[in-house]
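Heads up, the thing below is written out as structure tokens.
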Amino acid sequence: MIDAQILFRNNQVVMRKRCPSHGWFEALVFGDARLYAEIAPYNKPGTLPLKFQTEVKDGCPHDCGLCPEHKQHACLALIEINAGCNLDCPLCFANSGTHLARDGFELDARQVGFMLDTFVAAEGSPEVVQLSGGEPTLHPQLPEFVGL
């Protein structure tokens, strides 16, 4: 762990750190110091999940899921329900496209239900669930998933 200082400079928030091997360096934390100070009171300390989903075996990033080494619960469930898309953007965050519309995966209601149940077991009453994918609105069961 590297100790750090948070500095306000030129209406920006900067983190200043010193690595024993590489010396001093800075990283931009937030581009608007006034807004950062305004929203700071809403920051709250991390809370552990109600239930961990995996054991620690090989450590991050090799163990997938919330293991006991996580110091923060999951604040968002992101469930990719399909890979297909009706667009062929040159750069795609989801690595999707029309070529996956027929050959890509589509989760079914049982799979999505299991994922939601697992998330609820870890979080209690989750505030946010995001259904994502290639283009999730193309999934024929999307209305059913929203009802889960």
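In the structure tokens, each chain is lettered A, B, ... as it comes, each chain's residues begin at 1, and ligands are numbered from 1 in order of appearance.
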
Next item on the list: Check the DSSP output for the backbone and give back, as a list of chain:residue names, the residues of region 56-129 of chain A in alpha helix (DSSP H).
Entry: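 Answer for region 56-129 of chain A, restricted to alpha helix (DSSP H): A:Leu100, A:Ala101, A:Arg102, A:Asp103, A:Ala109, A:Arg110, A:Gln111, A:Val112, A:Gly113, A:Phe114, A:Met115, A:Leu116, A:Asp117, A:Thr118, A:Phe119, A:Val120, A:Ala121, A:Ala122, A:Glu123.
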
Margin query: as a list in words, please: the residues near Phe114 (chain A) (cut-off 12 Å, only C-alpha atoms, same-chain neighbours under 5 positions excluded).
Written below: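 The neighbour list is Ile79, Leu107, Asp108, Ala109, Phe119, Val120, Ala121, Phe145 and Leu148 of chain A.
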
Next item on the list: Just the residues within 6 Å of Leu48 (chain A), please, counting only C-alpha atoms, with nothing from its chain fewer than 2 positions along; format it as a list in words.
Entry: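 Once the nearby chain positions are removed, what remains is Lys71, Gln72 and His73 of chain A.
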
Next item on the list: Identify all residues of chain A in strand (DSSP E) (DSSP on the backbone) and supply them as a PyMOL selection string.
Entry: chain A and resi 4-9+12-19+23-30+77-82+129-133

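With only C-alpha atoms as the atoms that count, the minimum distance from Leu87 (chain A) to the choices A:Met115, A:Ala4, A:Ala40, A:Leu138 is reached by A:Leu138.
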
Checklist line | Who sits within 8 Å of Asn11 (chain A), only C-alpha atoms, same chain under 4 positions skipped, as a list in words | finding: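 The residues that qualify are Gly31, Asp32, Ala33 and Arg34 of chain A.
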